Each structure stands twice: as C-alpha cells, then as structure tokens.
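*Asks:* Coordinates in input_17.txt, compact mmCIF, C-alpha atoms, are listed below.
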# COMPACT_ATOMS: atom_id res chain seq x y z
CA MET A 1 28.32 0.39 -11.84
CA SER A 2 24.72 0.71 -13.03
CA ASN A 3 21.96 1.54 -10.58
CA THR A 4 18.46 0.82 -11.84
CA LEU A 5 16.92 1.84 -8.50
CA THR A 6 17.78 5.53 -8.67
CA THR A 7 17.22 6.19 -12.37
CA PRO A 8 14.12 6.37 -14.60
CA PRO A 9 11.77 4.68 -15.00
CA VAL A 10 12.09 3.03 -11.56
CA ALA A 11 12.95 6.04 -9.38
CA PRO A 12 9.99 8.30 -10.35
CA LEU A 13 7.62 5.32 -10.23
CA LEU A 14 8.70 4.49 -6.67
CA GLU A 15 8.34 8.12 -5.66
CA ARG A 16 4.74 8.10 -6.89
CA LEU A 17 3.95 4.75 -5.28
CA PHE A 18 5.31 5.80 -1.89
CA ALA A 19 3.17 8.97 -2.11
CA ASP A 20 0.12 6.84 -2.94
CA ALA A 21 0.96 4.57 -0.01
CA ALA A 22 1.12 7.52 2.37
CA ARG A 23 -2.33 8.64 1.26
CA SER A 24 -3.73 5.14 1.72
CA ARG A 25 -2.70 5.00 5.39
CA ARG A 26 -5.94 6.81 6.21
CA LEU A 27 -7.85 3.86 4.81
CA LEU A 28 -5.88 1.52 7.05
CA GLY A 29 -6.78 3.67 10.05
CA ASP A 30 -10.44 3.47 9.09
CA LEU A 31 -10.16 -0.31 8.79
CA LEU A 32 -8.48 -0.80 12.17
CA GLY A 33 -10.56 1.79 13.99
CA ASP A 34 -9.30 3.35 17.22
CA LEU A 35 -6.97 0.51 18.21
CA SER A 36 -3.79 1.38 20.06
CA PRO A 37 -0.44 0.30 18.53
CA ALA A 38 -0.34 -2.62 20.99
CA GLU A 39 -3.86 -3.67 20.07
CA ARG A 40 -3.02 -3.44 16.36
CA ALA A 41 0.04 -5.65 16.88
CA ALA A 42 -2.06 -8.15 18.81
CA ARG A 43 -4.60 -8.33 16.00
CA MET A 44 -1.86 -8.73 13.38
CA SER A 45 -0.28 -11.55 15.40
CA ASP A 46 -3.50 -13.48 16.08
CA PRO A 47 -3.03 -16.90 14.41
CA ASP A 48 -6.79 -17.49 14.46
CA ALA A 49 -7.65 -14.23 12.70
CA ASP A 50 -9.39 -14.44 9.33
CA TYR A 51 -6.53 -12.95 7.36
CA ARG A 52 -8.22 -13.54 4.02
CA ALA A 53 -11.16 -11.39 5.09
CA PHE A 54 -8.88 -8.66 6.47
CA TYR A 55 -6.65 -8.46 3.41
CA GLY A 56 -9.72 -8.54 1.18
CA LYS A 57 -10.93 -5.40 2.92
CA ALA A 58 -7.44 -3.92 2.56
CA LYS A 59 -7.24 -4.50 -1.19
CA ASP A 60 -6.79 -0.77 -1.90
CA ILE A 61 -4.21 -0.19 0.86
CA HIS A 62 -0.51 -0.42 0.05
CA MET A 63 1.01 -1.37 3.45
CA PRO A 64 4.53 -1.26 1.93
CA VAL A 65 7.98 -1.51 3.41
CA SER A 66 9.46 1.87 4.32
CA PRO A 67 11.71 3.67 1.81
CA ASP A 68 14.73 2.85 3.99
CA THR A 69 13.78 -0.83 4.13
CA GLY A 70 13.30 -0.81 0.37
CA THR A 71 16.80 0.59 -0.10
CA LEU A 72 18.13 -2.01 2.34
CA LEU A 73 16.56 -4.78 0.27
CA TYR A 74 18.28 -3.46 -2.85
CA MET A 75 21.62 -3.21 -1.04
CA LEU A 76 21.41 -6.72 0.41
CA ALA A 77 20.48 -8.24 -2.94
CA ARG A 78 23.29 -6.37 -4.70
CA GLY A 79 25.76 -7.14 -1.93
CA ASN A 80 25.28 -10.91 -2.03
CA ARG A 81 24.87 -10.93 -5.83
CA ALA A 82 21.39 -12.40 -5.53
CA ARG A 83 20.04 -14.32 -8.49
CA ALA A 84 17.07 -16.02 -6.80
CA ILE A 85 14.70 -14.15 -4.46
CA VAL A 86 11.41 -15.14 -2.80
CA GLU A 87 8.88 -12.60 -1.52
CA PHE A 88 5.95 -13.44 0.76
CA GLY A 89 3.38 -10.65 0.36
CA THR A 90 3.81 -8.75 -2.90
CA SER A 91 0.96 -6.24 -2.41
CA PHE A 92 1.33 -3.34 -4.90
CA GLY A 93 4.90 -4.34 -5.66
CA ILE A 94 6.93 -1.58 -4.00
CA SER A 95 9.35 -4.00 -2.35
CA THR A 96 9.27 -6.12 -5.51
CA LEU A 97 10.55 -3.18 -7.56
CA HIS A 98 13.51 -2.71 -5.20
CA LEU A 99 14.41 -6.39 -5.38
CA ALA A 100 13.90 -6.70 -9.14
CA ALA A 101 16.05 -3.60 -9.69
CA ALA A 102 18.85 -5.37 -7.82
CA LEU A 103 18.43 -8.47 -9.97
CA ARG A 104 18.66 -6.32 -13.11
CA ASP A 105 21.86 -4.70 -11.86
CA ASN A 106 23.25 -8.11 -10.88
CA GLY A 107 22.87 -9.21 -14.47
CA GLY A 108 19.55 -11.02 -14.18
CA GLY A 109 17.78 -13.61 -12.07
CA ARG A 110 14.35 -14.62 -10.86
CA LEU A 111 12.07 -13.23 -8.17
CA ILE A 112 9.10 -15.34 -7.07
CA GLY A 113 6.42 -13.29 -5.34
CA SER A 114 3.08 -14.26 -3.84
CA ASP A 115 -0.26 -12.68 -3.05
CA PHE A 116 -3.87 -13.82 -3.07
CA GLU A 117 -5.60 -10.46 -3.56
CA PRO A 118 -6.33 -10.04 -7.33
CA ASN A 119 -6.54 -6.24 -7.16
CA LYS A 120 -3.07 -5.95 -5.68
CA LEU A 121 -1.66 -8.49 -8.09
CA ALA A 122 -2.95 -6.51 -11.06
CA HIS A 123 -1.38 -3.30 -9.73
CA ALA A 124 1.92 -5.03 -8.94
CA ARG A 125 2.17 -6.52 -12.41
CA ALA A 126 1.35 -3.18 -14.02
CA ASN A 127 4.00 -1.44 -11.90
CA LEU A 128 6.62 -4.01 -12.90
CA GLU A 129 5.74 -3.52 -16.56
CA ALA A 130 6.03 0.26 -16.18
CA ALA A 131 9.43 -0.19 -14.55
CA GLY A 132 10.68 -2.51 -17.28
CA LEU A 133 11.31 -5.27 -14.72
CA ALA A 134 8.44 -7.68 -15.39
CA ASP A 135 10.68 -10.20 -17.15
CA LEU A 136 12.48 -10.87 -13.85
CA VAL A 137 9.41 -11.53 -11.71
CA GLU A 138 6.86 -14.32 -11.34
CA ILE A 139 4.00 -13.45 -8.97
CA ARG A 140 2.02 -16.48 -7.88
CA GLU A 141 -1.64 -15.94 -7.05
CA GLY A 142 -3.07 -17.82 -4.08
CA ASP A 143 -2.24 -18.90 -0.54
CA ALA A 144 1.53 -18.69 -0.08
CA LEU A 145 1.48 -21.88 1.99
CA GLU A 146 0.61 -23.56 -1.29
CA THR A 147 2.23 -21.35 -3.94
CA LEU A 148 5.61 -21.27 -2.17
CA ALA A 149 5.55 -24.98 -1.40
CA ARG A 150 6.49 -25.93 -4.96
CA ASP A 151 8.86 -25.12 -7.82
CA LEU A 152 11.33 -23.00 -5.89
CA PRO A 153 14.88 -22.38 -7.10
CA ALA A 154 17.41 -24.94 -5.88
CA THR A 155 19.30 -22.11 -4.18
CA ILE A 156 17.70 -18.96 -2.76
CA ASP A 157 19.79 -15.88 -1.99
CA LEU A 158 17.26 -13.59 -0.29
CA VAL A 159 13.77 -13.87 1.21
CA LEU A 160 11.39 -11.07 2.14
CA LEU A 161 8.60 -11.85 4.62
CA ASP A 162 5.92 -9.15 4.50
CA GLY A 163 2.58 -10.98 4.45
CA HIS A 164 0.38 -12.28 7.27
CA LYS A 165 2.65 -12.18 10.32
CA PRO A 166 1.65 -15.46 12.05
CA LEU A 167 2.69 -17.32 8.89
CA TYR A 168 6.31 -16.16 8.90
CA ALA A 169 7.71 -19.25 10.63
CA ARG A 170 5.74 -21.56 8.33
CA ILE A 171 6.88 -19.74 5.20
CA LEU A 172 10.47 -19.90 6.43
CA ALA A 173 10.10 -23.66 6.83
CA LEU A 174 9.10 -23.90 3.15
CA VAL A 175 12.09 -21.95 1.84
CA ALA A 176 14.70 -23.01 4.42
CA PRO A 177 15.89 -26.13 2.51
CA HIS A 178 16.81 -23.84 -0.41
CA LEU A 179 18.72 -21.17 1.54
CA ARG A 180 22.45 -21.06 0.93
CA THR A 181 25.02 -20.06 3.50
CA GLY A 182 25.14 -16.27 3.58
CA SER A 183 21.61 -15.80 2.27
CA PHE A 184 19.46 -13.12 3.90
CA ILE A 185 15.92 -13.09 5.29
CA VAL A 186 14.25 -9.72 5.87
CA ALA A 187 11.05 -9.82 7.92
CA ASP A 188 8.87 -6.71 8.27
CA ASN A 189 6.57 -5.93 11.23
CA THR A 190 8.16 -8.61 13.42
CA ASP A 191 6.70 -7.21 16.65
CA ALA A 192 3.58 -9.07 15.52
CA CYS A 193 5.34 -12.45 15.23
CA PRO A 194 7.33 -13.22 18.41
CA ASP A 195 7.44 -16.92 17.52
CA TYR A 196 9.36 -16.12 14.34
CA LYS A 197 11.85 -13.92 16.19
CA ALA A 198 12.36 -16.62 18.82
CA LEU A 199 12.99 -19.16 16.07
CA VAL A 200 15.66 -17.25 14.14
CA ARG A 201 17.36 -15.91 17.27
CA ALA A 202 17.58 -19.25 19.07
CA PRO A 203 21.12 -20.59 19.73
CA GLY A 204 21.87 -23.39 17.34
CA SER A 205 19.10 -22.38 14.94
CA GLY A 206 21.48 -22.08 12.02
CA TYR A 207 20.72 -18.36 11.72
CA LEU A 208 22.23 -15.10 12.93
CA SER A 209 19.53 -12.50 13.48
CA ILE A 210 19.23 -8.92 14.71
CA PRO A 211 16.48 -6.26 14.85
CA ILE A 212 17.09 -3.21 12.68
CA ALA A 213 15.17 -0.06 11.77
CA ASP A 214 11.55 0.05 12.91
CA ASP A 215 10.24 -3.44 13.54
CA VAL A 216 12.42 -5.17 10.91
CA GLU A 217 14.39 -8.35 11.55
CA LEU A 218 17.49 -9.07 9.48
CA THR A 219 18.59 -12.70 9.46
CA MET A 220 21.50 -14.49 7.80
CA LYS A 221 21.70 -18.21 7.10
CA LEU A 222 24.87 -19.62 8.68
Could you render the structure from this file as structure tokens?

*Replies:*
Amino acid sequence: MSNTLTTPPVAPLLERLFADAARSRRLLGDLLGDLSPAERAARMSDPDADYRAFYGKAKDIHMPVSPDTGTLLYMLARGNRARAIVEFGTSFGISTLHLAAALRDNGGGRLIGSDFEPNKLAHARANLEAAGLADLVEIREGDALETLARDLPATIDLVLLDGHKPLYARILALVAPHLRTGSFIVADNTDACPDYKALVRAPGSGYLSIPIADDVELTMKL
C-alpha cells in the first residue's frame, strides 16, 4: 500500500516545516508576552477578542498541529477512506499536507481549507505545490463563517478545527448537515473552547467524543 506521507517529496518538506514552526514559537512568545498557560487559554477562548488583529500579527507564526496529531489526521483519513475533508484554519499548510497525502493514497478526493491571512495562504499553496498535492486542495480566502457556509461536498468524511477557538461550535454547525455516520472531527487546542467540548460530549448530541493527546478532541458522528 502506498504511503505518500513518509516518502519524498512530502516527508522532507514536513520535516523542514516542523523545524521552521519550532523556530517560530519564539515569535508567538513575544506576541503573547509573559502570560501563564491559563491566561493564554483564556485569551484564546475570549469570544469578544479581535481575532483578525491577533492573527494578522501572527502572520509569520506557524502554530501547527503536533507531528503526532498530523500523523493521526493521516491515519483517520486513510482509515475511513476519506474523499471529502474540510479544514478550518489552514495556516502554513502542515495539517493540510497530512490530509492531502491521505487523499492521494485513498485514490483522490477534495480538501477544502480556509484562512483569511494572505501571507499564510501564499505559503500554504506553495507548500502544496512543492509536495505535488495542490490538485487535491482548494483553500478559500476569507472569514470561514462565510467561506465554509457555501459549496460544501454533499458528504464530508473528516473535519479539522484549528482556527479561532471560540468559532469551533459555529463552524461545526455549518458542516454538520454534511457529516456522514462514522465521519471524524478533530479539534486542536480544545482547552480554549469549553462550549465546543460540552456540545460534542453531551448525551444525545449525535456524537461520540473523547480527549486525546495534548488538548485534542476526537469526535465521531454517530
């Protein structure tokens, strides 16, 4: 069975991007100042925060999923034979590469990503071209509450939530009518969105959800 994720050109590109991301963490520390982890989570979860201004300042900072979470995304997409994937928060495209690699190995499909920061979009598109995966991905520029509210696949197999945390529940509401039974939702940094966790964990919600890894929520549509 082919594995695009662990072979060139994807594997060495991801290795370089994760190294770049590690170096950019210093910039994130400078941006957030001397906040404690709890204070950082509170700022990330503030629904009234000016997230456009914050992410504009963070245009050179990767803020990616972890390598383990990236591998998990690939495994989930391969395991449920995903053909249609939606990603909220493309950034530099590290998670996008993992998901698109799975689509390639599944025989094709479509990934719809979203981001409103032009600098990150340009990098993500260049990374997808370098990986030979650009033909599988459509990244929509703008507010995801608008870009993901239209023209979605009739059936969605996997969703990644990794944008502004207070929007997770609203983004889920947009994609929920398209989720098939057995589809997966992976949400990163969920300590900053307790409302989302309460929603997907609630009895009778139509979802089965558990926390995994560091601050990642894995949810399945029942």

*Asks:* Which protein, DNA or RNA residues have an atom at most 7 Å from (2.3, -18.7, 2.5), counting only C-alpha atoms? List them as a PyMOL selection string.

*Replies:* chain A and resi 88+143-148+167+171

*Asks:* Output C-alpha atoms for every residue in the selection just made, as a JSON list (two decimals), in the frame of the given file.

*Replies:*
[["chain", "number", "residue", "atom", "x", "y", "z"],
["A", 88, "PHE", "CA", 5.95, -13.44, 0.76],
["A", 143, "ASP", "CA", -2.24, -18.90, -0.54],
["A", 144, "ALA", "CA", 1.53, -18.69, -0.08],
["A", 145, "LEU", "CA", 1.48, -21.88, 1.99],
["A", 146, "GLU", "CA", 0.61, -23.56, -1.29],
["A", 147, "THR", "CA", 2.23, -21.35, -3.94],
["A", 148, "LEU", "CA", 5.61, -21.27, -2.17],
["A", 167, "LEU", "CA", 2.69, -17.32, 8.89],
["A", 171, "ILE", "CA", 6.88, -19.74, 5.20]]

*Asks:* Can you tell me which residues surround Asn3 (chain A) at a distance of at most 9 Å, considering all atoms listed in the file, apart from same-chain residues fewer than 5 positions away, and format the answer as a short mmCIF file (atom, residue, chain, number, x, y, z; two decimals) with C-alpha atoms, in the coordinates of the input?

*Replies:*
data_model
loop_
_atom_site.label_atom_id
_atom_site.label_comp_id
_atom_site.auth_asym_id
_atom_site.auth_seq_id
_atom_site.Cartn_x
_atom_site.Cartn_y
_atom_site.Cartn_z
CA ALA A 101 16.05 -3.60 -9.69
CA ALA A 102 18.85 -5.37 -7.82
CA ARG A 104 18.66 -6.32 -13.11
CA ASP A 105 21.86 -4.70 -11.86
#

*Asks:* Hey, which bits of region 102-124 of chain A sit within 12 Å of region 69-77 of chain A, and for each residue what's the closest pair of atoms and how far apart in Å (one decimal), counting all atoms listed in the file, rows by chain and increasing number, as a tab-separated table?

*Replies:*
residue	atom	partner	partner_atom	distance
A:Ala102	CA	A:Tyr74	CA	5.4
A:Leu103	CA	A:Ala77	CA	7.3
A:Arg104	CA	A:Ala77	CA	10.5
A:Asp105	CA	A:Ala77	CA	9.7
A:Asn106	CA	A:Ala77	CA	8.4
A:Gly107	CA	A:Ala77	CA	11.8
A:Gly108	CA	A:Ala77	CA	11.6
A:Gly109	CA	A:Ala77	CA	10.9
A:Arg110	CA	A:Ala77	CA	11.9
A:Leu111	CA	A:Ala77	CA	11.1

*Asks:* Any idea what the distance is between CA of Tyr196 (chain A) and CA of Tyr168 (chain A)?

*Replies:*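 The value is 6.2 Å.
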
*Asks:* For a quick check of understanding, using only C-alpha atoms, which of A:Ala173, A:Leu161, A:Leu199, A:Ala82 has the smallest distance to Val216 (chain A)?

*Replies:* A:Leu161
